[in-house]
Amino acid sequence: MKNTGITQKEKLAYGVGCFGQNMLYNLMANFLLFFYTDIFGILPAAAGTILLVARMWDAVNDPLMGMMADRTRTRYGKFRPYLLFTPILFVPFAVASFSTPSFSYSGKVAWAAFTYIAFGMIYTASDVPFWAMSSTISEDTKERSSIVVYPRFAATVAVSLATLATQPLILLFSVAGKPQRGYQMTSLVYAILTVICFLIAFIFVKERVHSEGQEKPKFSEIPKVFLSNKPLLLVIISGLFTGIGQTGKLSMLIYYAKYNLQNELLYTLFAGINIPFILIGIATVPFLTNKLGKKNACIVYYVIYAAGSLGFFLSGWNNFTALLIFNCISSIGMASPQVIQTAMIADTIEYGELKSGKRNEGTIFSSQTFLAKLTAAVTSIMIATTLSLVGYVPNAVQSTTALWGIHSLTALLPFAASILGIIPIIFYPLSEEKHRHIVEELHSRRMALD
């Protein structure tokens, strides 16, 4: 394998690229449902419907965006131009998503739907090219595992900082006790940071793996790209459960602090204390994948997250010390599977190229972007439906049934998602050795064509 000459500065710049975006995404994924129900005045069922409709559109929009990126040819590369131009649109639409115009109830629902779907499309236009670029920085599977650790690590730091900073910022920017202004200004700060971070990645990260001479992919081939790639499908299915487990817990913590622990400010403490353990988990990914391989390492982290989540549930909400301990244990395995799955998705690109003769990086990585939004929506719908079933009433003292519902969503949902996420990974067929042989065969084919 050739030495690609990837510097530490470039890896750091690639990591910085997704920092601001993940602070903004954390705000959208973990506070928007709460904003809709408790501030904007939209019923949980209507909010869930908005999220469902948005994801139905994403099922079409995200692969189309991926294919569009695959068809892009510029002097900056295939994916880098999108990091320069699309993030600017985050600024107006992030603020609009947390605005509360004085419309009728149906007007509020329409406004929420429009702004949320528009934000999702902008997210796709920047996120798909960003992650697809990881497959063009290097085609060495071990180096990829090292490269994707940086943005995943940065993303986790961003989510952690957002977890700690979002509520204080909302309170800081709120006017006369009204939080609407606080949400708007917080989203504006995160959106501007997103633009700056993507610009850094655009300037310092290079694309090295090219597909000159290949026919441009066709939009009609999108279904085949996924259906003919078994390893990719397995990672997608597992990644769905990864996202549900992670997003479910993060989304419920604000409800958990407010109602089960009876102190909304404990959300920041409770979510923030596990940050070092999340980072420890991610930092150990290169070591564990080198020792066990991606497949086995992913399973190990799933087991850790499941064990911690089950312990959290069995502790009940009156044993605060036990809750913190099991929360920290689960955090070690919380984000680590996503790091590994990103490298796995990159490896499936060569698998797909071997079978079809085309590198569909953008289309393949659109699955990861779609998963991020799908899991946020599916989890929000599950949460909204369950809260309705258990009799949750916003801004009121909750019944015992509602409290158990909140406790179960915070702990049992991540536990079940982790167990289910292991099953597809067991059948993932691309070992490091097999991928190396695929890359060698592709090199031989390219040399024969030259």
# chains A, B, ... in the order shown; residues from 1 in each chain; ligands from 1

$ residues_around --residues "Met121 (chain A)" --least-positions-apart "3" --cutoff "10 Å" --atoms "only C-alpha atoms" --output "JSON, numbers by chain"
{"A": [54, 57, 58, 61, 62, 65, 116, 117, 118, 124, 125, 126, 127]}

$ closest_atom_pairs --of "region 238-285 of chain A" --to "region 4-26 of chain A" --cutoff "12 Å" --atoms "only C-alpha atoms" --output "JSON lines"
{"residue": "A:Gln246", "atom": "CA", "partner": "A:Asn26", "partner_atom": "CA", "distance": 11.4}
{"residue": "A:Thr247", "atom": "CA", "partner": "A:Asn26", "partner_atom": "CA", "distance": 9.2}
{"residue": "A:Leu250", "atom": "CA", "partner": "A:Asn26", "partner_atom": "CA", "distance": 8.9}
{"residue": "A:Ser251", "atom": "CA", "partner": "A:Asn26", "partner_atom": "CA", "distance": 9.3}

$ write_last_selection --atoms "N, CA and C atoms" --output "mmCIF file, in the first residue's frame"
data_model
loop_
_atom_site.group_PDB
_atom_site.id
_atom_site.type_symbol
_atom_site.label_atom_id
_atom_site.label_comp_id
_atom_site.auth_asym_id
_atom_site.auth_seq_id
_atom_site.Cartn_x
_atom_site.Cartn_y
_atom_site.Cartn_z
ATOM 1 N N GLN A 246 -28.372 5.824 20.952
ATOM 2 C CA GLN A 246 -27.685 7.047 21.363
ATOM 3 C C GLN A 246 -28.636 8.232 21.445
ATOM 4 N N THR A 247 -29.414 8.446 20.378
ATOM 5 C CA THR A 247 -30.316 9.593 20.329
ATOM 6 C C THR A 247 -31.426 9.468 21.359
ATOM 7 N N LEU A 250 -30.042 10.597 24.790
ATOM 8 C CA LEU A 250 -29.774 12.032 24.834
ATOM 9 C C LEU A 250 -31.055 12.854 24.779
ATOM 10 N N SER A 251 -32.037 12.381 24.006
ATOM 11 C CA SER A 251 -33.298 13.110 23.885
ATOM 12 C C SER A 251 -34.107 13.047 25.170
#

$ closest_residue --among "A:Ala257, A:Ala283, A:Phe320, A:Asn30" --to "Pro151 (chain A)" --atoms "only C-alpha atoms"
A:Ala283

$ closest_residue --among "A:Ala448, A:Asn229, A:Tyr305, A:Gly248" --to "Gly333 (chain A)" --atoms "only C-alpha atoms"
A:Tyr305

$ closest_atom_pairs --of "region 127-246 of chain A" --to "region 377-397 of chain A" --cutoff "10 Å" --atoms "only C-alpha atoms" --output "JSON lines"
{"residue": "A:Leu240", "atom": "CA", "partner": "A:Val378", "partner_atom": "CA", "distance": 9.4}
{"residue": "A:Phe241", "atom": "CA", "partner": "A:Thr379", "partner_atom": "CA", "distance": 10.0}
{"residue": "A:Gly243", "atom": "CA", "partner": "A:Thr379", "partner_atom": "CA", "distance": 8.5}
{"residue": "A:Ile244", "atom": "CA", "partner": "A:Thr379", "partner_atom": "CA", "distance": 5.7}
{"residue": "A:Gly245", "atom": "CA", "partner": "A:Thr379", "partner_atom": "CA", "distance": 8.5}
{"residue": "A:Gln246", "atom": "CA", "partner": "A:Thr379", "partner_atom": "CA", "distance": 9.5}

$ write_last_selection --atoms "N, CA and C atoms" --output "short mmCIF file (atom, residue, chain, number, x, y, z; two decimals), in the first residue's frame"
data_model
loop_
_atom_site.label_atom_id
_atom_site.label_comp_id
_atom_site.auth_asym_id
_atom_site.auth_seq_id
_atom_site.Cartn_x
_atom_site.Cartn_y
_atom_site.Cartn_z
N LEU A 240 -28.64 1.94 12.28
CA LEU A 240 -29.97 2.42 12.68
C LEU A 240 -30.16 2.20 14.18
N PHE A 241 -29.81 1.02 14.66
CA PHE A 241 -29.95 0.73 16.08
C PHE A 241 -28.96 1.53 16.92
N GLY A 243 -27.90 4.55 16.29
CA GLY A 243 -28.46 5.89 16.39
C GLY A 243 -29.65 5.97 17.33
N ILE A 244 -30.52 4.96 17.28
CA ILE A 244 -31.70 4.95 18.15
C ILE A 244 -31.26 4.89 19.61
N GLY A 245 -30.28 4.03 19.89
CA GLY A 245 -29.81 3.90 21.27
C GLY A 245 -29.19 5.19 21.79
N GLN A 246 -28.37 5.82 20.95
CA GLN A 246 -27.68 7.05 21.36
C GLN A 246 -28.64 8.23 21.44
#

$ closest_residue --among "A:Ile349, A:Ala322, A:Val209, A:Ala176" --to "Phe365 (chain A)" --atoms "only C-alpha atoms"
A:Ile349

$ decode --residues "region 318-343 of chain A" --atoms "N, CA and C atoms" --output "short mmCIF file (atom, residue, chain, number, x, y, z; two decimals), in the first residue's frame"
data_model
loop_
_atom_site.label_atom_id
_atom_site.label_comp_id
_atom_site.auth_asym_id
_atom_site.auth_seq_id
_atom_site.Cartn_x
_atom_site.Cartn_y
_atom_site.Cartn_z
N ASN A 318 -34.42 6.75 42.05
CA ASN A 318 -34.19 7.29 43.39
C ASN A 318 -32.77 7.04 43.89
N ASN A 319 -31.99 6.24 43.16
CA ASN A 319 -30.61 5.95 43.54
C ASN A 319 -29.69 6.74 42.61
N PHE A 320 -29.45 8.00 42.95
CA PHE A 320 -28.73 8.89 42.05
C PHE A 320 -27.29 8.45 41.81
N THR A 321 -26.63 7.95 42.86
CA THR A 321 -25.23 7.52 42.72
C THR A 321 -25.12 6.36 41.74
N ALA A 322 -26.00 5.37 41.85
CA ALA A 322 -25.98 4.22 40.94
C ALA A 322 -26.27 4.65 39.51
N LEU A 323 -27.19 5.62 39.36
CA LEU A 323 -27.51 6.12 38.02
C LEU A 323 -26.27 6.73 37.37
N LEU A 324 -25.52 7.51 38.13
CA LEU A 324 -24.32 8.14 37.58
C LEU A 324 -23.27 7.10 37.19
N ILE A 325 -23.10 6.08 38.03
CA ILE A 325 -22.10 5.05 37.76
C ILE A 325 -22.43 4.30 36.47
N PHE A 326 -23.67 3.83 36.35
CA PHE A 326 -24.04 3.07 35.15
C PHE A 326 -24.12 3.97 33.92
N ASN A 327 -24.43 5.25 34.14
CA ASN A 327 -24.42 6.20 33.03
C ASN A 327 -23.01 6.33 32.45
N CYS A 328 -22.01 6.38 33.34
CA CYS A 328 -20.62 6.50 32.89
C CYS A 328 -20.15 5.22 32.20
N ILE A 329 -20.55 4.06 32.73
CA ILE A 329 -20.18 2.79 32.10
C ILE A 329 -20.74 2.70 30.68
N SER A 330 -22.00 3.02 30.55
CA SER A 330 -22.62 2.93 29.22
C SER A 330 -21.99 3.91 28.24
N SER A 331 -21.51 5.05 28.76
CA SER A 331 -20.94 6.08 27.90
C SER A 331 -19.69 5.60 27.16
N ILE A 332 -18.95 4.66 27.73
CA ILE A 332 -17.75 4.14 27.07
C ILE A 332 -18.11 3.50 25.73
N GLY A 333 -19.27 2.86 25.68
CA GLY A 333 -19.69 2.21 24.43
C GLY A 333 -20.74 2.98 23.66
N MET A 334 -21.02 4.20 24.05
CA MET A 334 -22.13 4.95 23.46
C MET A 334 -21.87 5.40 22.03
N ALA A 335 -20.73 6.05 21.79
CA ALA A 335 -20.44 6.62 20.48
C ALA A 335 -19.43 5.82 19.68
N SER A 336 -18.72 4.92 20.33
CA SER A 336 -17.64 4.18 19.66
C SER A 336 -18.10 3.35 18.47
N PRO A 337 -19.27 2.68 18.53
CA PRO A 337 -19.71 1.93 17.34
C PRO A 337 -19.86 2.80 16.10
N GLN A 338 -20.26 4.06 16.27
CA GLN A 338 -20.40 4.94 15.11
C GLN A 338 -19.07 5.21 14.43
N VAL A 339 -18.01 5.34 15.22
CA VAL A 339 -16.68 5.55 14.65
C VAL A 339 -16.31 4.36 13.77
N ILE A 340 -16.49 3.17 14.30
CA ILE A 340 -16.14 1.95 13.57
C ILE A 340 -17.02 1.79 12.34
N GLN A 341 -18.31 2.07 12.47
CA GLN A 341 -19.22 1.90 11.34
C GLN A 341 -18.93 2.88 10.21
N THR A 342 -18.42 4.07 10.53
CA THR A 342 -18.02 5.01 9.49
C THR A 342 -16.88 4.42 8.65
N ALA A 343 -15.88 3.83 9.32
CA ALA A 343 -14.77 3.18 8.60
C ALA A 343 -15.27 1.97 7.82
#
